[in-house]
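What follows is work.cif (mmCIF, C-alpha atoms (C1' of nucleotides) and all ligand atoms).
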data_target
loop_
_atom_site.label_atom_id
_atom_site.label_comp_id
_atom_site.auth_asym_id
_atom_site.auth_seq_id
_atom_site.Cartn_x
_atom_site.Cartn_y
_atom_site.Cartn_z
CA MET A 21 34.71 8.18 43.62
CA THR A 22 34.85 4.47 42.92
CA THR A 23 34.88 3.04 39.44
CA THR A 24 31.72 1.04 39.02
CA MET A 25 31.23 -1.85 36.63
CA THR A 26 29.04 0.25 34.39
CA ASP A 27 31.82 2.80 34.26
CA GLU A 28 34.30 0.24 33.09
CA LYS A 29 32.01 -1.18 30.47
CA LEU A 30 31.58 2.25 28.97
CA ARG A 31 35.29 2.97 29.04
CA ASN A 32 36.00 -0.40 27.46
CA HIS A 33 33.94 0.70 24.51
CA SER A 34 35.53 4.16 24.39
CA ILE A 35 32.47 5.93 25.69
CA ARG A 36 32.94 8.63 28.25
CA PRO A 37 31.01 7.58 31.37
CA THR A 38 28.76 10.55 32.02
CA ALA A 39 25.91 10.33 34.49
CA ILE A 40 23.23 9.99 31.83
CA ARG A 41 25.11 7.33 29.95
CA LYS A 42 25.65 5.27 33.07
CA THR A 43 21.97 5.50 33.89
CA ILE A 44 20.92 4.45 30.41
CA LEU A 45 23.36 1.56 30.30
CA ASP A 46 22.06 0.39 33.67
CA LEU A 47 18.52 0.42 32.29
CA PHE A 48 19.59 -1.82 29.45
CA ILE A 49 21.51 -4.21 31.66
CA SER A 50 18.70 -4.64 34.13
CA SER A 51 16.00 -4.94 31.49
CA GLY A 52 15.05 -8.38 30.33
CA TYR A 53 13.91 -7.16 26.93
CA ALA A 54 14.66 -4.65 24.21
CA LEU A 55 14.04 -0.96 24.93
CA SER A 56 12.82 1.80 22.65
CA HIS A 57 13.63 5.48 22.90
CA ALA A 58 10.16 6.02 24.30
CA ASP A 59 10.70 3.35 26.95
CA ILE A 60 13.88 5.02 28.10
CA GLU A 61 12.38 8.48 28.06
CA LYS A 62 9.59 7.26 30.29
CA LEU A 63 11.93 5.47 32.68
CA LEU A 64 14.15 8.53 32.89
CA ASP A 65 11.20 10.86 33.36
CA ASN A 66 12.76 14.12 32.14
CA GLN A 67 16.20 13.62 33.62
CA CYS A 68 17.53 14.67 30.23
CA ASP A 69 16.61 15.92 26.82
CA ARG A 70 15.18 13.47 24.30
CA VAL A 71 17.87 14.31 21.78
CA THR A 72 20.50 13.25 24.27
CA ILE A 73 18.83 9.86 24.50
CA TYR A 74 18.86 9.50 20.73
CA ARG A 75 22.53 10.41 20.62
CA THR A 76 23.35 8.05 23.44
CA LEU A 77 21.68 5.16 21.64
CA GLU A 78 23.52 6.06 18.45
CA ARG A 79 26.84 6.14 20.27
CA PHE A 80 26.20 2.91 22.17
CA GLU A 81 25.35 1.15 18.95
CA GLN A 82 28.35 2.44 17.04
CA GLN A 83 30.62 1.29 19.82
CA GLY A 84 29.24 -2.23 19.95
CA LEU A 85 27.52 -1.90 23.30
CA ILE A 86 23.93 -2.38 22.14
CA HIS A 87 22.36 -3.64 18.93
CA LYS A 88 19.23 -2.76 17.07
CA VAL A 89 16.42 -5.25 17.40
CA PRO A 90 14.04 -5.55 14.46
CA ASP A 91 10.56 -4.53 15.47
CA ASN A 92 7.69 -4.83 13.05
CA SER A 93 6.07 -1.65 14.31
CA ASN A 94 8.76 0.46 12.63
CA ILE A 95 10.28 1.82 15.77
CA ASN A 96 13.84 1.27 16.90
CA LYS A 97 14.47 -1.00 19.83
CA TYR A 98 17.81 -1.92 21.30
CA ALA A 99 19.31 -4.57 23.54
CA VAL A 100 22.74 -5.02 25.10
CA CYS A 101 25.20 -7.04 23.08
CA ALA A 102 26.60 -10.22 24.54
CA ASP A 103 29.57 -9.37 26.67
CA THR A 104 32.52 -9.76 24.37
CA SER A 105 30.94 -10.20 20.96
CA CYS A 106 30.69 -6.74 19.44
CA THR A 107 33.06 -3.89 18.77
CA SER A 108 32.91 -0.59 16.98
CA GLN A 109 34.16 -2.49 13.94
CA GLU A 110 31.44 -5.09 13.71
CA HIS A 111 28.38 -6.48 15.37
CA HIS A 112 28.00 -10.21 15.88
CA ASP A 113 24.58 -10.73 17.31
CA GLU A 114 23.59 -14.03 15.89
CA HIS A 115 20.67 -15.07 17.98
CA LEU A 116 16.90 -15.24 17.89
CA HIS A 117 14.65 -12.29 18.54
CA PHE A 118 11.38 -13.29 20.02
CA THR A 119 8.39 -10.94 20.09
CA CYS A 120 5.66 -11.70 22.60
CA GLU A 121 2.19 -11.17 21.19
CA GLN A 122 0.81 -10.43 24.63
CA CYS A 123 3.20 -8.08 26.39
CA GLY A 124 4.79 -6.82 23.19
CA ASN A 125 8.29 -7.19 24.56
CA ILE A 126 11.15 -8.49 22.48
CA PHE A 127 13.64 -10.92 23.96
CA CYS A 128 17.07 -11.96 22.74
CA LEU A 129 17.15 -15.73 22.93
CA ASN A 130 20.19 -17.91 22.54
CA ILE A 131 19.16 -21.04 20.76
CA MET A 132 21.29 -24.08 20.25
CA ASN A 133 21.63 -24.23 16.51
CA MET A 134 21.14 -21.20 14.34
CA PRO A 135 19.94 -22.65 11.05
CA THR A 136 22.12 -22.62 7.99
CA LEU A 137 20.38 -22.10 4.72
CA GLU A 138 20.83 -22.56 1.01
CA LEU A 139 19.96 -19.73 -1.27
CA PRO A 140 19.00 -19.97 -4.93
CA SER A 141 22.12 -19.81 -7.10
CA GLY A 142 23.44 -16.35 -7.82
CA TYR A 143 22.75 -14.96 -4.37
CA LEU A 144 25.62 -14.24 -2.02
CA LEU A 145 24.78 -14.64 1.67
CA ASN A 146 26.41 -12.39 4.25
CA ARG A 147 24.15 -12.21 7.25
CA ILE A 148 21.10 -14.00 8.50
CA SER A 149 18.57 -12.88 11.03
CA LEU A 150 15.92 -14.92 12.68
CA GLU A 151 12.78 -13.64 14.31
CA ALA A 152 9.94 -15.40 16.00
CA GLU A 153 6.59 -14.50 17.47
CA GLY A 154 4.55 -16.16 20.14
CA VAL A 155 4.00 -15.97 23.86
CA CYS A 156 6.86 -15.34 26.25
CA LYS A 157 7.67 -17.27 29.40
CA GLU A 158 6.21 -14.75 31.80
CA CYS A 159 2.98 -14.24 29.91
CA ASN A 160 2.65 -17.99 29.54
CA GLU A 161 2.90 -18.53 33.28
CA MET A 162 0.27 -15.88 33.93
CA ASN A 163 -2.42 -17.86 32.13
CA MET B 28 -14.93 -3.64 -21.48
CA THR B 29 -13.09 -6.91 -20.96
CA THR B 30 -12.31 -8.24 -17.53
CA THR B 31 -8.55 -8.26 -17.17
CA MET B 32 -6.59 -10.62 -14.99
CA THR B 33 -5.77 -7.83 -12.56
CA ASP B 34 -9.45 -7.09 -12.30
CA GLU B 35 -10.24 -10.65 -11.35
CA LYS B 36 -7.49 -10.85 -8.80
CA LEU B 37 -8.87 -7.79 -7.07
CA ARG B 38 -12.41 -9.08 -7.15
CA ASN B 39 -11.27 -12.44 -5.82
CA HIS B 40 -10.02 -10.63 -2.76
CA SER B 41 -13.16 -8.50 -2.44
CA ILE B 42 -11.47 -5.32 -3.57
CA ARG B 43 -13.30 -3.11 -6.00
CA PRO B 44 -11.15 -2.80 -9.10
CA THR B 45 -10.79 0.94 -9.51
CA ALA B 46 -8.29 2.40 -11.96
CA ILE B 47 -5.76 3.31 -9.27
CA ARG B 48 -5.96 -0.05 -7.61
CA LYS B 49 -5.42 -1.88 -10.86
CA THR B 50 -2.41 0.26 -11.62
CA ILE B 51 -0.89 -0.32 -8.19
CA LEU B 52 -1.49 -4.05 -8.31
CA ASP B 53 0.16 -4.15 -11.72
CA LEU B 54 3.19 -2.41 -10.30
CA PHE B 55 3.48 -5.06 -7.63
CA ILE B 56 3.04 -7.94 -10.03
CA SER B 57 5.61 -6.70 -12.47
CA SER B 58 8.14 -5.73 -9.81
CA GLY B 59 10.75 -8.28 -8.87
CA TYR B 60 11.17 -6.88 -5.39
CA ALA B 61 9.28 -5.29 -2.53
CA LEU B 62 7.90 -1.77 -2.97
CA SER B 63 7.55 1.06 -0.48
CA HIS B 64 4.97 3.80 -0.47
CA ALA B 65 7.65 6.16 -1.79
CA ASP B 66 8.50 3.77 -4.63
CA ILE B 67 4.89 3.64 -5.72
CA GLU B 68 4.39 7.36 -5.41
CA LYS B 69 7.38 7.92 -7.67
CA LEU B 70 6.25 5.34 -10.21
CA LEU B 71 2.76 6.83 -10.27
CA ASP B 72 4.08 10.37 -10.49
CA ASN B 73 1.09 12.25 -9.11
CA GLN B 74 -1.61 10.16 -10.67
CA CYS B 75 -3.24 10.14 -7.26
CA ASP B 76 -3.02 11.46 -3.74
CA ARG B 77 -0.49 9.94 -1.38
CA VAL B 78 -3.17 9.09 1.15
CA THR B 79 -4.93 7.00 -1.46
CA ILE B 80 -1.76 4.98 -1.90
CA TYR B 81 -1.54 4.39 1.83
CA ARG B 82 -5.13 3.27 1.95
CA THR B 83 -4.70 1.02 -1.04
CA LEU B 84 -1.74 -0.69 0.60
CA GLU B 85 -3.71 -1.08 3.80
CA ARG B 86 -6.63 -2.62 1.95
CA PHE B 87 -4.46 -4.92 -0.16
CA GLU B 88 -2.75 -6.20 2.95
CA GLN B 89 -5.96 -6.76 4.88
CA GLN B 90 -7.36 -8.73 2.00
CA GLY B 91 -4.37 -11.02 1.65
CA LEU B 92 -3.13 -9.62 -1.64
CA ILE B 93 0.20 -8.25 -0.46
CA HIS B 94 2.25 -8.74 2.68
CA LYS B 95 4.54 -6.49 4.66
CA VAL B 96 8.21 -7.15 4.22
CA PRO B 97 10.46 -6.37 7.18
CA ASP B 98 12.89 -3.63 6.28
CA ASN B 99 15.54 -2.56 8.74
CA SER B 100 15.29 1.08 7.72
CA ASN B 101 11.94 1.42 9.49
CA ILE B 102 9.85 1.96 6.42
CA ASN B 103 7.09 -0.29 5.21
CA LYS B 104 7.66 -2.36 2.11
CA TYR B 105 5.22 -4.77 0.53
CA ALA B 106 5.27 -7.65 -1.93
CA VAL B 107 2.53 -9.70 -3.55
CA CYS B 108 1.49 -12.82 -1.72
CA ALA B 109 1.92 -16.17 -3.41
CA ASP B 110 -1.11 -16.84 -5.53
CA THR B 111 -3.38 -18.85 -3.30
CA SER B 112 -1.73 -18.63 0.08
CA CYS B 113 -3.27 -15.64 1.84
CA THR B 114 -6.78 -14.48 2.66
CA SER B 115 -8.31 -11.72 4.66
CA GLN B 116 -8.34 -14.18 7.53
CA GLU B 117 -4.67 -15.01 7.66
CA HIS B 118 -1.36 -14.50 5.96
CA HIS B 119 0.87 -17.47 5.22
CA ASP B 120 4.05 -16.03 3.82
CA GLU B 121 6.63 -18.42 5.06
CA HIS B 122 9.60 -17.67 2.96
CA LEU B 123 12.91 -15.90 3.09
CA HIS B 124 13.32 -12.16 2.68
CA PHE B 125 16.61 -11.25 1.16
CA THR B 126 17.97 -7.71 1.29
CA CYS B 127 20.65 -6.80 -1.21
CA GLU B 128 23.39 -4.64 0.27
CA GLN B 129 24.13 -3.08 -3.08
CA CYS B 130 20.84 -2.19 -4.73
CA GLY B 131 18.88 -2.13 -1.49
CA ASN B 132 16.05 -4.16 -2.92
CA ILE B 133 14.30 -6.87 -0.97
CA PHE B 134 13.39 -10.15 -2.64
CA CYS B 135 11.00 -12.88 -1.54
CA LEU B 136 12.86 -16.14 -1.99
CA ASN B 137 11.40 -19.58 -1.77
CA ILE B 138 13.93 -21.82 -0.18
CA MET B 139 13.70 -25.55 0.11
CA ASN B 140 13.56 -26.08 3.84
CA MET B 141 12.44 -23.38 6.19
CA PRO B 142 14.26 -24.16 9.41
CA THR B 143 12.41 -25.43 12.45
CA LEU B 144 13.69 -24.28 15.77
CA GLU B 145 13.59 -25.14 19.41
CA LEU B 146 12.92 -22.40 21.88
CA PRO B 147 13.91 -22.35 25.53
CA SER B 148 11.22 -23.95 27.65
CA GLY B 149 8.32 -21.71 28.54
CA TYR B 150 8.13 -19.96 25.20
CA LEU B 151 5.25 -20.68 22.85
CA LEU B 152 6.11 -20.36 19.17
CA ASN B 153 3.51 -19.12 16.71
CA ARG B 154 5.33 -17.61 13.77
CA ILE B 155 8.82 -17.51 12.46
CA SER B 156 10.39 -15.10 10.05
CA LEU B 157 13.68 -15.41 8.32
CA GLU B 158 15.71 -12.61 6.81
CA ALA B 159 19.02 -12.56 5.07
CA GLU B 160 21.40 -9.98 3.72
CA GLY B 161 23.96 -10.19 0.98
CA VAL B 162 24.24 -9.51 -2.72
CA CYS B 163 21.43 -10.30 -5.10
CA LYS B 164 21.67 -12.16 -8.38
CA GLU B 165 21.59 -9.11 -10.61
CA CYS B 166 24.14 -7.13 -8.62
CA ASN B 167 26.35 -10.19 -8.48
CA GLU B 168 26.36 -10.55 -12.25
CA MET B 169 27.22 -6.88 -12.70
CA ASN B 170 30.57 -7.31 -10.96
"C1'" DA C 14 -33.65 6.29 -15.31
"C1'" DA C 15 -33.77 8.64 -10.86
"C1'" DA C 16 -32.98 8.51 -6.26
"C1'" DT C 17 -30.50 6.60 -2.50
"C1'" DT C 18 -26.75 4.41 -0.27
"C1'" DT C 19 -22.03 2.81 0.03
"C1'" DT C 20 -17.35 3.09 -1.19
"C1'" DT C 21 -13.48 5.54 -2.80
"C1'" DT C 22 -10.78 9.61 -3.39
"C1'" DG C 23 -8.58 14.22 -2.33
"C1'" DC C 24 -7.27 17.66 0.70
"C1'" DA C 25 -5.75 19.68 4.93
"C1'" DA C 26 -4.35 19.05 9.24
"C1'" DC C 27 -2.11 16.32 12.48
"C1'" DC C 28 1.04 12.88 15.00
"C1'" DT C 29 5.20 10.39 16.16
"C1'" DG C 30 9.87 8.97 15.70
"C1'" DG C 31 13.93 10.72 14.44
"C1'" DT C 32 17.57 14.35 12.78
"C1'" DT C 33 20.25 18.78 12.44
"C1'" DG C 34 22.43 23.25 13.72
"C1'" DC C 35 24.05 25.90 17.08
"C1'" DA C 36 24.97 27.83 21.61
"C1'" DT C 37 26.15 26.39 26.31
"C1'" DT C 38 28.00 23.37 29.66
"C1'" DT C 39 31.04 19.77 31.24
"C1'" DC C 40 35.13 17.36 31.24
"C1'" DA C 41 39.97 16.13 30.34
"C1'" DT C 42 44.51 18.06 29.20
"C1'" DT C 43 48.17 21.33 29.46
"C1'" DA D 2 43.93 28.68 35.67
"C1'" DA D 3 43.64 28.37 30.59
"C1'" DT D 4 42.62 25.73 26.57
"C1'" DG D 5 40.39 22.45 23.60
"C1'" DA D 6 37.32 18.55 22.83
"C1'" DA D 7 33.27 16.14 23.75
"C1'" DA D 8 28.52 16.09 25.64
"C1'" DT D 9 24.18 18.31 26.46
"C1'" DG D 10 19.91 21.26 25.73
"C1'" DC D 11 16.94 23.69 22.92
"C1'" DA D 12 14.51 24.93 18.80
"C1'" DA D 13 13.52 23.98 14.46
"C1'" DC D 14 12.99 20.68 11.05
"C1'" DC D 15 11.94 16.29 8.30
"C1'" DA D 16 9.75 11.96 6.80
"C1'" DG D 17 6.56 8.35 7.12
"C1'" DG D 18 2.21 7.59 8.35
"C1'" DT D 19 -2.75 8.64 10.17
"C1'" DT D 20 -7.32 11.01 10.75
"C1'" DG D 21 -11.54 13.75 9.73
"C1'" DC D 22 -14.33 15.43 6.56
"C1'" DA D 23 -16.29 16.81 2.23
"C1'" DA D 24 -16.58 15.79 -2.82
"C1'" DA D 25 -16.79 12.30 -6.40
"C1'" DA D 26 -17.71 7.81 -8.16
"C1'" DA D 27 -19.81 3.40 -8.13
"C1'" DA D 28 -23.29 0.16 -6.79
"C1'" DT D 29 -28.09 -0.67 -5.30
"C1'" DT D 30 -32.85 0.24 -4.79
"C1'" DT D 31 -37.07 2.14 -6.30
MN MN E 201 19.54 -9.39 20.38
MN MN E 202 7.59 -12.09 0.91
ZN ZN E 203 5.03 -11.57 27.07
ZN ZN E 204 21.03 -6.08 -5.65
#

As structure tokens, what does this structure read like?
Ligand SMILES: [Mn+2]
Ligand SMILES: [Mn+2]
Ligand SMILES: [Zn+2]
Ligand SMILES: [Zn+2]
Amino acid sequence: MTTTMTDEKLRNHSIRPTAIRKTILDLFISSGYALSHADIEKLLDNQCDRVTIYRTLERFEQQGLIHKVPDNSNINKYAVCADTSCTSQEHHDEHLHFTCEQCGNIFCLNIMNMPTLELPSGYLLNRISLEAEGVCKECNEMN
Amino acid sequence: MTTTMTDEKLRNHSIRPTAIRKTILDLFISSGYALSHADIEKLLDNQCDRVTIYRTLERFEQQGLIHKVPDNSNINKYAVCADTSCTSQEHHDEHLHFTCEQCGNIFCLNIMNMPTLELPSGYLLNRISLEAEGVCKECNEMN
DNA sequence: AAATTTTTTGCAACCTGGTTGCATTTCATT
DNA sequence: AATGAAATGCAACCAGGTTGCAAAAAATTT
């Protein structure tokens, strides 16, 4: 059996490449936007137990393969991390998350200059996260 | 019976000033940070049903009295809106939300210049929201 | 001041996203 | 082939939040 790219990516992050995990990683890679547990469950259509999906997402995140994407509807969404950026030690996903008001999808966007900001004195800044809402490219073109 | 300030504030937002509502609004006003349903329930210690708290929060938000504060633990937190900014028509809470890694509290901070940003072409920007993490003033001074 | 209508509250039941414990299966190692 | 470790499935659970409906309270009309 040949070692696929997905296989390698999993191994590189110390994740054993089981069938389910390869499938789920493929979903993430080929998706243009962030996926929720429910999204994946639907796409997989009973190929595995829902708990397995939860545990896969947990593992992927711990190992720096995907990152949580803030979603104002209080459900977890995830997207693949940029190729080299993240490890099991630390995530470095400094980019914009854009929620489309029409399709509801969330996109990771790389913008030129992430803003720097000054806090009131006394506050120590460690991480910054930037979110935006509007209409995405696809939905825009549809109108 | 004299008309208190809390009373007026509620009436100004077309919310009938019942005892519970006044109490909850007072909690918000005197709190330095965002409150969750659980926070309020604890502070109120069974003075009312939990559903009533949920409905009060809902109402307050609809009427532009409080706004949702993004919290990465997937639970809703709320903070009072700046005095004149928000109505039942629209919220205008353009400020920074700062989560303290130590105490876990979330603070609304007014910073000088909210960043403006350029999106990739095709995306239409409607709202932007800025969050930061670090150590808050109080926790900083404790160390 | 009654009577009527509208709004708020409490209670029980429910829903959805997510977690935990444990037995079974799968996989890598010896 | 035998052993041990990691992954999976299943059932039960939990927490935050919602819904429907009846009782209570407040506002409005007569
Ligand atoms: Mn992202
Ligand atoms: Mn705020
Ligand atoms: Zn869209
Ligand atoms: Zn703090």

Can you work out which residues are within 12 Å of ligand ZN 203 (chain E), considering all atoms listed in the file, and then hand them over as JSON, numbers by chain?
{"A": [52, 53, 118, 119, 120, 121, 122, 123, 124, 125, 126, 127, 153, 154, 155, 156, 157, 158, 159, 160, 161, 162, 163], "B": [149, 150, 151, 152]}

Distance of CA of Thr79 (chain B) from C1' of DT18 (chain C), expressed in Å to one decimal place:
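Spanning C1' of DT18 (chain C) to CA of Thr79 (chain B) is a straight-line distance of 22.0 Å.
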
Go ahead and align chain A to chain B (same sequence, so just pair every C-alpha in order, least squares) and export the moved chain as an mmCIF file with C-alpha atoms, in the frame of the given file.
data_model
loop_
_atom_site.group_PDB
_atom_site.id
_atom_site.type_symbol
_atom_site.label_atom_id
_atom_site.label_comp_id
_atom_site.auth_asym_id
_atom_site.auth_seq_id
_atom_site.Cartn_x
_atom_site.Cartn_y
_atom_site.Cartn_z
ATOM 1 C CA MET A 21 -14.879 -3.426 -21.378
ATOM 2 C CA THR A 22 -13.075 -6.713 -20.916
ATOM 3 C CA THR A 23 -12.299 -8.169 -17.535
ATOM 4 C CA THR A 24 -8.553 -8.278 -17.191
ATOM 5 C CA MET A 25 -6.600 -10.645 -14.982
ATOM 6 C CA THR A 26 -5.763 -7.863 -12.578
ATOM 7 C CA ASP A 27 -9.456 -7.123 -12.332
ATOM 8 C CA GLU A 28 -10.241 -10.662 -11.367
ATOM 9 C CA LYS A 29 -7.498 -10.861 -8.805
ATOM 10 C CA LEU A 30 -8.868 -7.801 -7.084
ATOM 11 C CA ARG A 31 -12.419 -9.092 -7.168
ATOM 12 C CA ASN A 32 -11.262 -12.438 -5.817
ATOM 13 C CA HIS A 33 -10.008 -10.621 -2.770
ATOM 14 C CA SER A 34 -13.151 -8.490 -2.457
ATOM 15 C CA ILE A 35 -11.464 -5.319 -3.592
ATOM 16 C CA ARG A 36 -13.306 -3.093 -5.983
ATOM 17 C CA PRO A 37 -11.170 -2.801 -9.132
ATOM 18 C CA THR A 38 -10.783 0.938 -9.556
ATOM 19 C CA ALA A 39 -8.274 2.373 -11.988
ATOM 20 C CA ILE A 40 -5.752 3.296 -9.312
ATOM 21 C CA ARG A 41 -5.958 -0.064 -7.635
ATOM 22 C CA LYS A 42 -5.418 -1.908 -10.887
ATOM 23 C CA THR A 43 -2.399 0.236 -11.631
ATOM 24 C CA ILE A 44 -0.893 -0.339 -8.208
ATOM 25 C CA LEU A 45 -1.493 -4.073 -8.321
ATOM 26 C CA ASP A 46 0.160 -4.192 -11.737
ATOM 27 C CA LEU A 47 3.204 -2.430 -10.301
ATOM 28 C CA PHE A 48 3.494 -5.074 -7.626
ATOM 29 C CA ILE A 49 3.038 -7.967 -10.014
ATOM 30 C CA SER A 50 5.622 -6.733 -12.460
ATOM 31 C CA SER A 51 8.140 -5.764 -9.801
ATOM 32 C CA GLY A 52 10.747 -8.288 -8.846
ATOM 33 C CA TYR A 53 11.160 -6.871 -5.358
ATOM 34 C CA ALA A 54 9.275 -5.282 -2.497
ATOM 35 C CA LEU A 55 7.892 -1.763 -2.971
ATOM 36 C CA SER A 56 7.559 1.082 -0.501
ATOM 37 C CA HIS A 57 4.965 3.826 -0.531
ATOM 38 C CA ALA A 58 7.634 6.163 -1.837
ATOM 39 C CA ASP A 59 8.497 3.768 -4.659
ATOM 40 C CA ILE A 60 4.890 3.630 -5.753
ATOM 41 C CA GLU A 61 4.394 7.358 -5.469
ATOM 42 C CA LYS A 62 7.372 7.892 -7.726
ATOM 43 C CA LEU A 63 6.243 5.306 -10.263
ATOM 44 C CA LEU A 64 2.761 6.791 -10.314
ATOM 45 C CA ASP A 65 4.080 10.332 -10.588
ATOM 46 C CA ASN A 66 1.087 12.239 -9.189
ATOM 47 C CA GLN A 67 -1.631 10.132 -10.753
ATOM 48 C CA CYS A 68 -3.248 10.132 -7.326
ATOM 49 C CA ASP A 69 -3.039 11.461 -3.829
ATOM 50 C CA ARG A 70 -0.505 9.945 -1.446
ATOM 51 C CA VAL A 71 -3.195 9.120 1.078
ATOM 52 C CA THR A 72 -4.950 7.015 -1.517
ATOM 53 C CA ILE A 73 -1.777 4.992 -1.934
ATOM 54 C CA TYR A 74 -1.547 4.432 1.805
ATOM 55 C CA ARG A 75 -5.158 3.313 1.912
ATOM 56 C CA THR A 76 -4.698 1.050 -1.064
ATOM 57 C CA LEU A 77 -1.745 -0.673 0.576
ATOM 58 C CA GLU A 78 -3.726 -1.052 3.786
ATOM 59 C CA ARG A 79 -6.646 -2.579 1.921
ATOM 60 C CA PHE A 80 -4.470 -4.892 -0.169
ATOM 61 C CA GLU A 81 -2.774 -6.160 2.946
ATOM 62 C CA GLN A 82 -5.974 -6.723 4.885
ATOM 63 C CA GLN A 83 -7.379 -8.701 2.001
ATOM 64 C CA GLY A 84 -4.386 -10.991 1.671
ATOM 65 C CA LEU A 85 -3.145 -9.613 -1.623
ATOM 66 C CA ILE A 86 0.201 -8.246 -0.438
ATOM 67 C CA HIS A 87 2.255 -8.716 2.711
ATOM 68 C CA LYS A 88 4.519 -6.468 4.674
ATOM 69 C CA VAL A 89 8.204 -7.128 4.232
ATOM 70 C CA PRO A 90 10.453 -6.343 7.185
ATOM 71 C CA ASP A 91 12.891 -3.615 6.299
ATOM 72 C CA ASN A 92 15.550 -2.545 8.741
ATOM 73 C CA SER A 93 15.277 1.087 7.712
ATOM 74 C CA ASN A 94 11.917 1.400 9.478
ATOM 75 C CA ILE A 95 9.855 1.976 6.406
ATOM 76 C CA ASN A 96 7.066 -0.257 5.186
ATOM 77 C CA LYS A 97 7.640 -2.338 2.108
ATOM 78 C CA TYR A 98 5.224 -4.753 0.529
ATOM 79 C CA ALA A 99 5.262 -7.651 -1.899
ATOM 80 C CA VAL A 100 2.525 -9.705 -3.539
ATOM 81 C CA CYS A 101 1.495 -12.825 -1.692
ATOM 82 C CA ALA A 102 1.906 -16.173 -3.373
ATOM 83 C CA ASP A 103 -1.117 -16.843 -5.493
ATOM 84 C CA THR A 104 -3.401 -18.840 -3.270
ATOM 85 C CA SER A 105 -1.757 -18.616 0.130
ATOM 86 C CA CYS A 106 -3.296 -15.625 1.870
ATOM 87 C CA THR A 107 -6.782 -14.451 2.681
ATOM 88 C CA SER A 108 -8.320 -11.665 4.679
ATOM 89 C CA GLN A 109 -8.355 -14.124 7.571
ATOM 90 C CA GLU A 110 -4.681 -14.960 7.680
ATOM 91 C CA HIS A 111 -1.374 -14.468 5.986
ATOM 92 C CA HIS A 112 0.863 -17.429 5.246
ATOM 93 C CA ASP A 113 4.035 -16.022 3.842
ATOM 94 C CA GLU A 114 6.610 -18.422 5.066
ATOM 95 C CA HIS A 115 9.608 -17.676 2.962
ATOM 96 C CA LEU A 116 12.928 -15.884 3.102
ATOM 97 C CA HIS A 117 13.325 -12.163 2.677
ATOM 98 C CA PHE A 118 16.614 -11.241 1.190
ATOM 99 C CA THR A 119 17.965 -7.687 1.318
ATOM 100 C CA CYS A 120 20.649 -6.773 -1.191
ATOM 101 C CA GLU A 121 23.376 -4.621 0.306
ATOM 102 C CA GLN A 122 24.113 -3.062 -3.057
ATOM 103 C CA CYS A 123 20.822 -2.174 -4.703
ATOM 104 C CA GLY A 124 18.870 -2.117 -1.456
ATOM 105 C CA ASN A 125 16.036 -4.150 -2.903
ATOM 106 C CA ILE A 126 14.293 -6.865 -0.957
ATOM 107 C CA PHE A 127 13.383 -10.132 -2.628
ATOM 108 C CA CYS A 128 11.002 -12.864 -1.532
ATOM 109 C CA LEU A 129 12.872 -16.116 -1.962
ATOM 110 C CA ASN A 130 11.397 -19.570 -1.761
ATOM 111 C CA ILE A 131 13.925 -21.827 -0.166
ATOM 112 C CA MET A 132 13.675 -25.555 0.116
ATOM 113 C CA ASN A 133 13.531 -26.092 3.833
ATOM 114 C CA MET A 134 12.431 -23.386 6.198
ATOM 115 C CA PRO A 135 14.268 -24.213 9.408
ATOM 116 C CA THR A 136 12.442 -25.503 12.428
ATOM 117 C CA LEU A 137 13.726 -24.367 15.753
ATOM 118 C CA GLU A 138 13.647 -25.224 19.418
ATOM 119 C CA LEU A 139 12.978 -22.500 21.887
ATOM 120 C CA PRO A 140 13.993 -22.440 25.539
ATOM 121 C CA SER A 141 11.278 -24.046 27.664
ATOM 122 C CA GLY A 142 8.378 -21.814 28.580
ATOM 123 C CA TYR A 143 8.189 -20.054 25.237
ATOM 124 C CA LEU A 144 5.314 -20.770 22.891
ATOM 125 C CA LEU A 145 6.171 -20.447 19.197
ATOM 126 C CA ASN A 146 3.567 -19.202 16.739
ATOM 127 C CA ARG A 147 5.354 -17.696 13.794
ATOM 128 C CA ILE A 148 8.867 -17.577 12.482
ATOM 129 C CA SER A 149 10.410 -15.157 10.070
ATOM 130 C CA LEU A 150 13.701 -15.433 8.337
ATOM 131 C CA GLU A 151 15.702 -12.619 6.843
ATOM 132 C CA ALA A 152 19.011 -12.554 5.091
ATOM 133 C CA GLU A 153 21.390 -9.967 3.736
ATOM 134 C CA GLY A 154 23.943 -10.168 0.999
ATOM 135 C CA VAL A 155 24.247 -9.489 -2.692
ATOM 136 C CA CYS A 156 21.427 -10.274 -5.083
ATOM 137 C CA LYS A 157 21.668 -12.144 -8.362
ATOM 138 C CA GLU A 158 21.576 -9.087 -10.573
ATOM 139 C CA CYS A 159 24.117 -7.106 -8.603
ATOM 140 C CA ASN A 160 26.338 -10.164 -8.466
ATOM 141 C CA GLU A 161 26.331 -10.520 -12.236
ATOM 142 C CA MET A 162 27.208 -6.860 -12.674
ATOM 143 C CA ASN A 163 30.567 -7.279 -10.960
#

As a quick test: using all atoms listed in the file, which residues lie no more than 8 Å away from ligand MN 202 (chain E)? Give them as an NGL selection string.
:B and (61 or 94-96 or 105-108 or 120-124 or 134-136)

Residues of chain B within 9 Å of chain C, using only C-alpha atoms (C1' of nucleotides), as number ranges by chain?
B: 43, 45, 75-76, 78-79

Can you pull out every residue within 10 Å of Gln116 (chain B), counting only C-alpha atoms (C1' of nucleotides), but drop anything in the same chain fewer than 5 positions away, and send it as a ChimeraX atom specification?
/B:89-91

Chain D contacts to chain A at 9 Å (all atoms listed in the file) as number ranges by chain
D: 7-11

CA of Ala46 (chain B) and CA of Ile80 (chain B) are how many Å apart?
12.3 Å
